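Chemist: Next comes the structure file entry02.cif, holding mmCIF, C-alpha atoms.
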```cif
data_final
#
loop_
_atom_site.label_atom_id
_atom_site.label_comp_id
_atom_site.auth_asym_id
_atom_site.auth_seq_id
_atom_site.Cartn_x
_atom_site.Cartn_y
_atom_site.Cartn_z
CA MET A 263 232.44 -122.54 34.69
CA LEU A 264 233.87 -119.07 35.35
CA THR A 265 233.79 -117.66 38.77
CA LEU A 266 231.98 -114.39 39.46
CA PRO A 267 235.11 -112.18 39.89
CA VAL A 268 236.52 -113.43 36.56
CA ARG A 269 233.22 -112.71 34.74
CA CYS A 270 233.01 -109.16 36.14
CA GLN A 271 236.61 -108.49 35.12
CA ARG A 272 235.93 -109.69 31.55
CA VAL A 273 232.75 -107.55 31.18
CA SER A 274 234.55 -104.44 32.43
CA CYS A 275 237.29 -104.97 29.86
CA GLN A 276 234.73 -105.23 27.06
CA LEU A 277 233.09 -101.99 28.18
CA LEU A 278 236.43 -100.18 28.24
CA ALA A 279 237.21 -101.43 24.78
CA SER A 280 233.87 -100.32 23.32
CA SER A 281 234.00 -96.90 24.95
CA SER A 282 236.90 -95.82 22.78
CA THR A 283 234.83 -96.10 19.57
CA SER A 284 231.26 -95.40 20.76
CA PRO A 285 229.94 -91.82 20.10
CA LEU A 286 227.63 -91.96 23.15
CA VAL A 287 230.45 -91.89 25.68
CA GLN A 288 230.19 -88.92 28.08
CA THR A 289 233.49 -87.22 28.83
CA ARG A 290 234.08 -84.84 31.68
CA SER A 291 235.50 -81.41 30.79
CA TYR A 292 236.72 -78.76 33.16
CA ALA A 293 236.28 -75.00 32.97
CA THR A 294 239.21 -73.13 31.58
CA GLN A 295 241.11 -71.14 34.12
CA PRO A 296 240.94 -67.33 33.72
CA LYS A 297 244.10 -65.60 32.68
CA LYS A 298 245.95 -63.48 35.11
CA GLY A 299 244.29 -60.06 35.53
CA GLN A 300 241.12 -61.11 33.72
CA ILE A 301 237.81 -60.34 35.47
CA VAL A 302 235.20 -63.03 35.19
CA LYS A 303 231.48 -61.95 35.32
CA GLN A 304 229.18 -64.40 36.94
CA ALA A 305 225.75 -64.68 35.30
CA SER A 306 222.94 -63.51 37.54
CA GLN A 307 220.32 -66.05 38.49
CA GLY A 308 216.82 -65.64 37.05
CA PHE A 309 215.09 -65.36 40.40
CA LYS A 310 217.48 -62.70 41.70
CA GLY A 311 217.01 -59.04 40.97
CA LYS A 312 219.39 -56.16 40.89
CA LYS A 313 220.78 -54.82 44.10
CA ASN A 314 218.88 -52.03 45.84
CA THR A 315 215.88 -52.40 43.46
CA PRO A 316 212.45 -52.59 45.08
CA PRO A 317 210.31 -55.51 43.84
CA GLY A 318 207.49 -53.19 42.73
CA GLN A 319 209.78 -51.36 40.31
CA MET A 320 210.99 -54.62 38.84
CA GLU A 321 207.42 -55.76 38.15
CA SER A 322 206.46 -52.42 36.60
CA ALA A 323 209.58 -52.46 34.40
CA LYS A 324 208.70 -55.94 33.13
CA LYS A 325 205.13 -54.82 32.48
CA ASP A 326 206.36 -51.74 30.58
CA LYS A 327 208.55 -53.91 28.37
CA LYS A 328 205.59 -56.16 27.58
CA MET A 329 203.27 -53.23 26.85
CA MET A 330 205.84 -51.55 24.59
CA ALA A 331 205.75 -54.59 22.33
CA PHE A 332 202.10 -53.86 21.44
CA GLN A 333 202.32 -50.09 21.00
CA PRO A 334 202.18 -48.71 17.43
CA LEU A 335 205.18 -46.95 15.98
CA PRO A 336 204.95 -43.16 15.66
CA VAL A 337 204.42 -41.68 12.20
CA SER A 338 207.92 -40.18 12.22
CA GLN A 339 209.42 -43.69 12.22
CA LEU A 340 207.41 -44.81 9.18
CA PRO A 341 209.02 -42.86 6.31
CA HIS A 342 208.81 -45.68 3.79
CA PRO A 343 206.33 -45.06 0.91
CA LEU A 344 204.68 -48.37 1.75
CA PHE A 345 203.16 -46.79 4.85
CA GLU A 346 201.96 -43.64 3.07
CA SER A 347 198.42 -43.33 1.73
CA ASP A 348 196.27 -40.70 0.11
CA ARG A 349 193.38 -41.59 2.41
CA PRO A 350 192.72 -39.36 5.45
CA ASP A 351 194.57 -40.19 8.64
CA SER A 352 191.59 -39.84 10.96
CA LEU A 353 187.86 -40.47 10.77
CA THR A 354 186.07 -37.11 10.61
CA LEU A 355 182.34 -37.34 11.42
CA GLN A 356 179.68 -35.08 12.82
CA SER A 357 178.80 -35.57 16.48
CA PHE A 358 175.68 -37.40 17.62
CA HIS A 359 173.35 -34.59 18.72
CA PRO A 360 169.61 -34.93 19.42
CA GLU A 361 168.63 -31.90 17.31
CA MET A 362 170.28 -33.47 14.27
CA LEU A 363 168.32 -36.72 14.40
CA THR A 364 165.72 -36.10 11.73
CA ARG A 365 164.91 -37.69 8.38
CA VAL A 366 167.54 -35.42 6.83
CA VAL A 367 170.45 -37.33 8.41
CA GLU A 368 169.21 -40.81 7.50
CA SER A 369 171.99 -43.08 6.21
CA GLN A 370 174.68 -40.84 7.69
CA ALA A 371 177.32 -41.92 10.19
CA LEU A 372 177.62 -39.89 13.40
CA LYS A 373 180.25 -40.26 16.11
CA PHE A 374 179.32 -40.59 19.76
CA PRO A 375 180.66 -37.86 22.07
CA HIS A 376 183.88 -38.53 23.94
CA ASN A 377 182.93 -38.02 27.58
CA ASP A 378 184.15 -39.75 30.72
CA ASN A 379 180.57 -40.00 32.05
CA ASP A 380 179.09 -41.21 28.78
CA PRO A 381 176.51 -43.98 29.43
CA PHE A 382 178.07 -46.70 27.29
CA ARG A 383 181.49 -46.08 28.89
CA ILE A 384 180.07 -46.50 32.41
CA PHE A 385 177.37 -49.16 31.93
CA GLY A 386 179.36 -51.14 29.37
CA LEU A 387 178.48 -52.50 25.94
CA PRO A 388 177.43 -55.77 24.31
CA ARG A 389 180.44 -57.80 23.30
CA ASN A 390 180.12 -57.37 19.52
CA ILE A 391 179.74 -53.58 19.73
CA LEU A 392 182.64 -53.35 22.18
CA VAL A 393 184.97 -55.12 19.73
CA GLU A 394 183.90 -52.88 16.84
CA PHE A 395 184.49 -49.72 18.87
CA ARG A 396 187.98 -50.95 19.76
CA LEU A 397 188.79 -51.49 16.09
CA LEU A 398 187.47 -48.09 15.02
CA SER A 399 189.33 -44.91 15.89
CA LYS A 400 186.06 -43.31 17.07
CA PRO A 401 182.84 -44.95 18.33
CA CYS A 402 180.14 -44.19 15.78
CA SER A 403 176.96 -45.55 14.21
CA VAL A 404 174.84 -45.03 11.12
CA ILE A 405 171.45 -43.35 11.52
CA ARG A 406 168.79 -45.57 9.95
CA SER A 407 165.11 -45.02 9.27
CA VAL A 408 164.22 -47.26 12.22
CA THR A 409 166.40 -45.02 14.43
CA ILE A 410 164.11 -42.08 13.68
CA ASP A 411 161.06 -44.27 14.44
CA ALA A 412 162.50 -45.19 17.85
CA ILE A 413 163.32 -41.56 18.62
CA ASN A 414 159.78 -40.50 17.75
CA LYS A 415 158.50 -43.06 20.25
CA LEU A 416 160.84 -41.66 22.90
CA ASP A 417 159.65 -38.12 22.27
CA ALA A 418 156.06 -39.27 22.74
CA ALA A 419 156.98 -41.27 25.85
CA SER A 420 158.62 -38.26 27.55
CA GLU A 421 155.17 -36.98 28.51
CA LYS A 422 153.46 -40.33 29.20
CA ASN A 423 153.57 -43.10 31.75
CA SER A 424 156.01 -45.89 30.97
CA LYS A 425 153.12 -48.42 30.95
CA GLU A 426 152.23 -47.02 27.53
CA SER A 427 155.81 -47.18 26.20
CA ARG A 428 157.19 -50.70 26.63
CA VAL A 429 158.97 -51.46 23.36
CA VAL A 430 161.04 -54.48 22.32
CA PHE A 431 163.28 -54.41 19.23
CA THR A 432 162.87 -57.58 17.18
CA GLY A 433 164.55 -58.86 14.06
CA PRO A 434 166.87 -61.59 12.75
CA GLN A 435 170.37 -62.17 14.00
CA GLY A 436 172.82 -59.34 13.28
CA CYS A 437 170.29 -56.83 11.96
CA GLY A 438 171.38 -54.04 14.36
CA LYS A 439 169.03 -54.21 17.37
CA SER A 440 171.80 -53.55 19.91
CA PHE A 441 173.05 -50.54 17.94
CA LEU A 442 169.51 -49.18 17.82
CA LEU A 443 169.15 -49.55 21.59
CA LEU A 444 172.48 -47.77 22.09
CA GLN A 445 171.35 -44.91 19.87
CA ALA A 446 168.15 -44.57 21.91
CA LEU A 447 170.23 -44.52 25.11
CA GLN A 448 172.55 -41.79 23.77
CA TYR A 449 169.60 -39.74 22.60
CA CYS A 450 167.88 -39.84 26.00
CA ASN A 451 171.07 -39.00 27.86
CA ALA A 452 171.63 -35.99 25.61
CA ARG A 453 168.00 -34.89 26.16
CA ASP A 454 168.51 -34.83 29.96
CA TRP A 455 166.73 -38.09 30.80
CA LEU A 456 167.55 -40.39 33.70
CA VAL A 457 168.98 -43.49 32.02
CA LEU A 458 169.59 -47.03 33.29
CA TYR A 459 171.24 -49.41 30.83
CA ILE A 460 171.73 -53.18 31.20
CA PRO A 461 173.96 -54.15 28.23
CA ARG A 462 174.16 -57.88 29.04
CA ALA A 463 171.05 -59.18 30.78
CA THR A 464 172.43 -62.71 30.49
CA ASN A 465 174.75 -61.87 33.41
CA LEU A 466 171.66 -61.59 35.62
CA VAL A 467 170.69 -65.24 35.13
CA ASN A 468 173.88 -67.12 34.24
CA SER A 469 175.03 -67.59 37.85
CA THR A 470 178.13 -65.40 37.60
CA THR A 471 177.46 -63.35 40.75
CA ALA A 472 176.63 -64.32 44.32
CA HIS A 473 173.04 -64.69 45.51
CA THR A 474 171.50 -64.95 48.98
CA TYR A 475 168.02 -65.90 50.09
CA ASP A 476 165.93 -63.14 51.64
CA MET A 477 163.29 -64.32 54.12
CA ARG A 478 161.45 -61.01 53.96
CA THR A 479 160.76 -60.98 50.20
CA ARG A 480 161.15 -64.75 49.62
CA THR A 481 163.46 -64.03 46.70
CA TYR A 482 167.16 -64.49 46.04
CA LEU A 483 169.05 -61.21 46.31
CA GLN A 484 171.98 -60.35 44.05
CA PRO A 485 173.87 -57.77 46.13
CA ILE A 486 176.99 -57.52 43.94
CA PHE A 487 175.10 -56.78 40.75
CA ALA A 488 172.76 -54.37 42.55
CA TYR A 489 175.78 -52.57 44.01
CA GLN A 490 177.42 -52.20 40.59
CA THR A 491 174.15 -50.97 39.06
CA LEU A 492 173.77 -48.31 41.76
CA GLN A 493 177.36 -47.20 41.29
CA ARG A 494 177.02 -46.80 37.54
CA PHE A 495 173.57 -45.22 37.72
CA LEU A 496 174.89 -42.57 40.11
CA LYS A 497 177.96 -41.78 38.01
CA VAL A 498 175.99 -41.28 34.79
CA ASN A 499 173.07 -39.32 36.28
CA THR A 500 174.71 -37.34 39.10
CA PRO A 501 173.70 -33.82 37.88
CA ARG A 502 170.05 -34.87 37.63
CA LEU A 503 169.93 -36.98 40.79
CA GLU A 504 171.27 -34.08 42.88
CA GLN A 505 168.02 -32.22 42.16
CA LEU A 506 165.74 -35.01 43.43
CA ARG A 507 164.63 -35.93 46.95
CA THR A 508 162.68 -38.82 48.42
CA GLN A 509 158.93 -38.29 48.68
CA THR A 510 158.20 -41.01 51.27
CA GLY A 511 160.01 -42.68 54.16
CA ILE A 512 162.03 -45.78 53.26
CA GLU A 513 162.55 -48.73 55.61
CA ILE A 514 165.95 -50.43 55.43
CA GLU A 515 166.91 -53.39 57.58
CA ARG A 516 169.41 -52.99 60.41
CA ARG A 517 169.46 -49.19 60.24
CA HIS A 518 167.29 -46.15 60.89
CA PRO A 519 164.58 -45.47 58.26
CA VAL A 520 165.29 -42.84 55.63
CA PRO A 521 162.96 -39.84 56.22
CA PRO A 522 161.08 -38.05 53.42
CA GLY A 523 162.96 -35.18 51.80
CA THR A 524 166.32 -36.95 51.86
CA PRO A 525 168.46 -36.22 48.78
CA LEU A 526 168.37 -39.16 46.41
CA VAL A 527 172.16 -39.18 46.21
CA GLU A 528 172.34 -39.85 49.97
CA LEU A 529 169.94 -42.76 49.59
CA ILE A 530 172.15 -44.26 46.87
CA ASN A 531 175.24 -43.80 49.06
CA ILE A 532 173.60 -45.99 51.72
CA GLY A 533 173.63 -48.89 49.27
CA LEU A 534 177.19 -48.08 48.22
CA LYS A 535 178.48 -48.09 51.80
CA ASP A 536 176.93 -51.47 52.62
CA GLN A 537 176.66 -53.98 49.78
CA GLY A 538 174.02 -55.95 51.68
CA HIS A 539 171.63 -52.97 51.45
CA ALA A 540 172.19 -52.48 47.69
CA PRO A 541 169.17 -54.55 46.44
CA THR A 542 166.76 -52.77 48.79
CA VAL A 543 168.20 -49.35 47.97
CA LEU A 544 168.07 -49.98 44.21
CA ASP A 545 164.41 -50.95 44.43
CA ALA A 546 163.67 -47.83 46.50
CA VAL A 547 165.60 -45.54 44.13
CA LEU A 548 163.68 -46.75 41.08
CA GLU A 549 160.39 -46.27 42.91
CA GLU A 550 161.36 -42.72 43.86
CA ILE A 551 162.43 -41.69 40.36
CA GLY A 552 159.23 -43.31 39.10
CA LYS A 553 157.16 -40.88 41.18
CA GLN A 554 158.92 -37.66 40.15
CA THR A 555 157.93 -35.79 36.97
CA ILE A 556 160.95 -33.51 36.53
CA PHE A 557 163.00 -35.90 34.39
CA PRO A 558 161.82 -38.69 32.07
CA VAL A 559 163.34 -42.11 32.73
CA LEU A 560 164.62 -44.69 30.24
CA LEU A 561 165.20 -48.31 31.26
CA ALA A 562 167.11 -50.03 28.44
CA VAL A 563 167.87 -53.77 28.55
CA ASP A 564 169.86 -55.70 25.95
CA ASP A 565 169.57 -59.51 25.75
CA PHE A 566 166.01 -58.86 26.89
CA GLN A 567 164.84 -62.45 26.34
CA ALA A 568 167.24 -63.71 29.04
CA LEU A 569 164.93 -62.30 31.72
CA TYR A 570 162.27 -64.81 30.62
CA CYS A 571 164.56 -67.84 30.30
CA LYS A 572 165.58 -70.51 32.79
CA SER A 573 168.35 -69.29 35.06
CA HIS A 574 171.54 -71.19 35.87
CA TYR A 575 171.24 -70.40 39.57
CA ARG A 576 170.61 -73.30 41.97
CA ASP A 577 169.11 -73.40 45.45
CA GLN A 578 170.35 -75.47 48.40
CA HIS A 579 168.65 -78.57 46.93
CA PHE A 580 170.35 -77.97 43.56
CA SER A 581 167.03 -77.14 41.93
CA ALA A 582 166.96 -74.46 39.24
CA ILE A 583 165.81 -71.04 40.48
CA LYS A 584 163.23 -69.26 38.34
CA SER A 585 164.41 -65.98 36.83
CA TYR A 586 161.54 -64.08 38.48
CA HIS A 587 162.67 -65.40 41.87
CA LEU A 588 165.98 -63.50 41.50
CA SER A 589 165.92 -59.90 42.69
CA MET A 590 167.47 -58.18 39.64
CA PRO A 591 165.50 -59.96 36.86
CA ARG A 592 162.30 -59.66 38.90
CA LEU A 593 162.81 -55.90 39.33
CA LEU A 594 163.30 -55.40 35.59
CA LEU A 595 160.37 -57.68 34.72
CA GLU A 596 158.03 -55.67 36.94
CA TYR A 597 158.81 -52.50 34.97
CA ALA A 598 158.69 -54.35 31.64
CA SER A 599 155.24 -55.77 32.48
CA GLY A 600 153.83 -52.48 33.75
CA ARG A 601 153.32 -53.63 37.34
CA LYS A 602 155.70 -50.82 38.26
CA SER A 603 156.13 -47.77 36.11
CA PHE A 604 157.70 -44.35 35.73
CA ALA A 605 155.47 -41.28 35.69
CA ARG A 606 157.37 -40.14 32.60
CA GLY A 607 159.52 -42.45 30.56
CA ALA A 608 159.82 -45.71 28.66
CA VAL A 609 161.16 -49.26 28.88
CA PHE A 610 163.12 -50.42 25.83
CA GLY A 611 164.52 -53.89 25.24
CA ALA A 612 166.47 -55.64 22.48
CA LEU A 613 166.34 -59.34 21.74
CA SER A 614 169.46 -61.41 21.07
CA MET A 615 168.65 -64.06 18.48
CA SER A 616 172.21 -65.42 18.36
CA ASN A 617 172.39 -66.55 22.00
CA THR A 618 171.68 -70.27 21.99
CA THR A 619 172.12 -70.58 25.77
CA PHE A 620 169.18 -68.25 26.40
CA PRO A 621 166.87 -68.60 23.37
CA LEU A 622 163.62 -66.72 22.91
CA PRO A 623 160.97 -68.45 25.09
CA VAL A 624 157.52 -69.26 23.79
CA GLU A 625 155.77 -66.90 26.26
CA LEU A 626 157.69 -63.87 24.98
CA ARG A 627 157.44 -65.00 21.36
CA GLU A 628 153.65 -65.17 21.55
CA ALA A 629 153.39 -61.81 23.35
CA LEU A 630 155.37 -60.16 20.52
CA SER A 631 153.52 -62.08 17.78
CA LEU A 632 156.72 -63.58 16.39
CA GLU A 633 156.92 -66.69 14.24
CA TYR A 634 157.84 -69.96 15.89
CA ASP A 635 161.29 -71.35 15.18
CA ARG A 636 160.27 -74.88 16.19
CA PRO A 637 157.02 -76.88 16.43
CA TYR A 638 154.78 -75.44 19.14
CA GLY A 639 151.18 -76.12 19.98
CA GLN A 640 148.55 -75.74 22.64
CA TYR A 641 149.98 -78.68 24.58
CA VAL A 642 153.37 -77.00 25.10
CA LYS A 643 153.57 -75.84 28.69
CA ARG A 644 153.51 -72.09 29.34
CA GLN A 645 154.47 -70.51 32.65
CA GLN A 646 151.65 -68.22 33.69
CA GLU A 647 154.05 -65.88 35.52
CA LEU A 648 156.07 -65.29 32.35
CA VAL A 649 152.90 -64.79 30.31
CA GLU A 650 151.86 -62.00 32.69
CA TYR A 651 155.31 -60.42 32.66
CA ALA A 652 155.26 -60.35 28.83
CA HIS A 653 151.73 -58.98 28.51
CA GLY A 654 151.38 -55.62 26.78
CA LEU A 655 154.86 -55.41 25.23
CA GLU A 656 155.04 -53.53 21.94
CA ARG A 657 157.09 -54.81 19.05
CA LEU A 658 159.33 -52.60 16.90
CA ALA A 659 160.72 -54.65 14.00
CA VAL A 660 164.23 -53.80 12.82
CA PRO A 661 164.75 -54.38 9.06
CA SER A 662 166.66 -57.56 8.35
CA SER A 663 169.04 -55.85 5.92
CA LEU A 664 170.66 -52.46 5.46
CA SER A 665 169.53 -50.29 2.60
CA VAL A 666 172.11 -49.53 -0.08
CA SER A 667 172.67 -46.01 1.23
CA GLU A 668 173.01 -47.24 4.86
CA ALA A 669 175.48 -49.93 3.81
CA ALA A 670 177.42 -47.35 1.79
CA SER A 671 177.84 -45.23 4.94
CA VAL A 672 179.09 -48.26 6.89
CA PHE A 673 181.49 -49.07 4.05
CA GLU A 674 182.79 -45.50 4.00
CA VAL A 675 183.43 -45.49 7.77
CA TRP A 676 185.56 -48.65 7.70
CA MET A 677 187.39 -47.55 4.55
CA LYS A 678 188.26 -44.11 5.91
CA ASP A 679 189.47 -45.73 9.13
CA ARG A 680 191.84 -47.97 7.13
CA ALA A 681 190.19 -51.15 8.35
CA VAL A 682 190.18 -52.66 4.86
CA PRO A 683 193.56 -52.91 3.12
CA SER A 684 192.26 -52.84 -0.45
CA LYS A 685 191.30 -49.64 -2.24
CA PRO A 686 187.59 -48.78 -2.09
CA ASN A 687 185.54 -49.14 -5.24
CA ASP A 688 181.98 -49.92 -6.26
CA GLU A 689 182.80 -53.48 -7.19
CA LEU A 690 184.21 -54.28 -3.73
CA PHE A 691 181.22 -52.65 -2.01
CA LEU A 692 178.60 -54.50 -4.06
CA THR A 693 180.48 -57.78 -3.65
CA LYS A 694 180.57 -57.57 0.14
CA TYR A 695 177.00 -56.27 0.32
CA SER A 696 175.63 -59.14 -1.76
CA GLU A 697 177.70 -61.72 0.12
CA ALA A 698 176.11 -60.60 3.41
CA SER A 699 172.60 -60.27 1.89
CA GLY A 700 172.52 -56.80 3.44
CA ASN A 701 172.85 -58.08 7.01
CA ALA A 702 174.62 -55.44 9.09
CA ARG A 703 176.84 -57.71 11.19
CA ALA A 704 177.73 -60.05 8.35
CA PHE A 705 178.53 -57.09 6.10
CA VAL A 706 181.14 -55.83 8.59
CA TRP A 707 182.57 -59.04 10.07
CA LYS A 708 182.24 -61.57 7.24
CA GLY A 709 182.59 -59.02 4.46
CA LEU A 710 184.85 -56.06 5.23
CA LEU A 711 186.94 -57.36 8.13
CA SER A 712 187.44 -60.80 6.59
CA SER A 713 189.65 -59.22 3.93
CA MET A 714 192.16 -58.30 6.66
CA SER A 715 192.99 -61.99 7.23
CA ALA A 716 192.94 -62.89 3.55
#
```
Represent the structure of the file as structure tokens.
Modeler:
Amino acid sequence: MLTLPVRCQRVSCQLLASSSTSPLVQTRSYATQPKKGQIVKQASQGFKGKKNTPPGQMESAKKDKKMMAFQPLPVSQLPHPLFESDRPDSLTLQSFHPEMLTRVVESQALKFPHNDNDPFRIFGLPRNILVEFRLLSKPCSVIRSVTIDAINKLDAASEKNSKESRVVFTGPQGCGKSFLLLQALQYCNARDWLVLYIPRATNLVNSTTAHTYDMRTRTYLQPIFAYQTLQRFLKVNTPRLEQLRTQTGIEIERRHPVPPGTPLVELINIGLKDQGHAPTVLDAVLEEIGKQTIFPVLLAVDDFQALYCKSHYRDQHFSAIKSYHLSMPRLLLEYASGRKSFARGAVFGALSMSNTTFPLPVELREALSLEYDRPYGQYVKRQQELVEYAHGLERLAVPSSLSVSEAASVFEVWMKDRAVPSKPNDELFLTKYSEASGNARAFVWKGLLSSMSA
């Protein structure tokens, strides 16, 4: 029996013997000494910056380097024949002008004006249109036959009460309802209308902004969204709003009442100075512009069906809040139902059939005489409030497919803008058109743009 010191000595000898042949042995090496007169540079640490450099400049320099990686090269640095093409360098189209919108320009593509106060730049756009406009060199759209029908309704509505002009664009998924609503908005803005555009009504009911309970109205206010709506409405319509004044006194909590004859811009600025007053001010502003007859008013709402769906907001007991108990959806529903109206103007809405979170409810489907997408009967519960809010809406059906001439204009726009790498020809056009069955969105996204990833 070996003693413990003898065993430890034998194990250490075995380890020393195996270390001479094992490749896993770690050896310690020392840095070579610099030669005489040689200057050694010490590497700077990652968290240290250069001397005498403010931190803000360092961050901006890093950001500039990152942004430069995504900037296109100038034409002068692309001399190779591979980058040359006989196609035009820029998309040349006629401008969208109200006097041009007749049957003569059907199936033609027109570009929207480039203006800092243009409605779709201030109010925003639906997500699919926003992506298309970022891909194209110029925002544009094709004038369809249904576009002329919508414009004729707007011309008639300019001299009538908005109760008689409450139109909802219907049609299958991707048929172009949002583009049609945008064309109507651009037309009214060019014809000197007061315009209010809600491009994504789902944001009013999906619980993305704060809400507070108001004891006075027994509704849930949405001050942030009301504040943003006032801000955008003022920026788009400033020249017209400067000519209008309040016709009645307006009571606002925790401040002196607004007397009659106050410029409407000053009333809007009250809501912009205090976000808590924004819902009350927005309601008062719409009532005031509804009384005047100098300018027609257009209220345009995309994702219109979301106003009639169940909201994602919850009260203090975690119970779902009805959409008509929220201040912003309730305000829009009152004008859509005709309970409130504009002396001159119209209310236009566009349905979104692709949004599965906020599908088309049965109350709105029956008011527009649309076919059921699931079994419904007399025993399915209807909310009487939503039935009243949907009463009297007029349906304007958008064709499910583009005509051949309309699709040819869309094809020409994307080809001239170099969105499709292959050379344009009739065979490619008819192939993509038949693959999409004429559907506008599928023709662009699943037809033309899919060839970019192929």
Chemist: Give me, as a VMD selection string, all polymer residues having an atom no more than 12 Å from Leu447 (chain A), counting all atoms listed in the file and skipping those fewer than 4 positions away in the same chain.
Modeler: chain A and resid 358 360 374 380 to 383 385 387 409 412 to 413 416 440 to 443 451 to 461 498 559 to 564 608 to 611
Chemist: CA of Trp707 (chain A) and CA of Asp565 (chain A), how far apart in Å?
Modeler: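 Pair CA of Asp565 (chain A) / CA of Trp707 (chain A) returns 20.4 Å.
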Chemist: Spell out the residues picked by the PyMOL selection byres ((chain A and resi 502) around 10) here, as a PyMOL selection string.
Modeler: chain A and resi 454-456+496+498-501+503-506+526-527+556-557
Chemist: Between A:Ser616, A:Lys553, A:Leu692, A:Val642, which has the minimum distance to Ser667 (chain A) (counting all atoms listed in the file)?
Modeler: A:Leu692
Chemist: What gap, in Å, lies between CA of His359 (chain A) and CA of Val706 (chain A)?
Modeler: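 One can read the CA of His359 (chain A) to CA of Val706 (chain A) distance as 24.8 Å.
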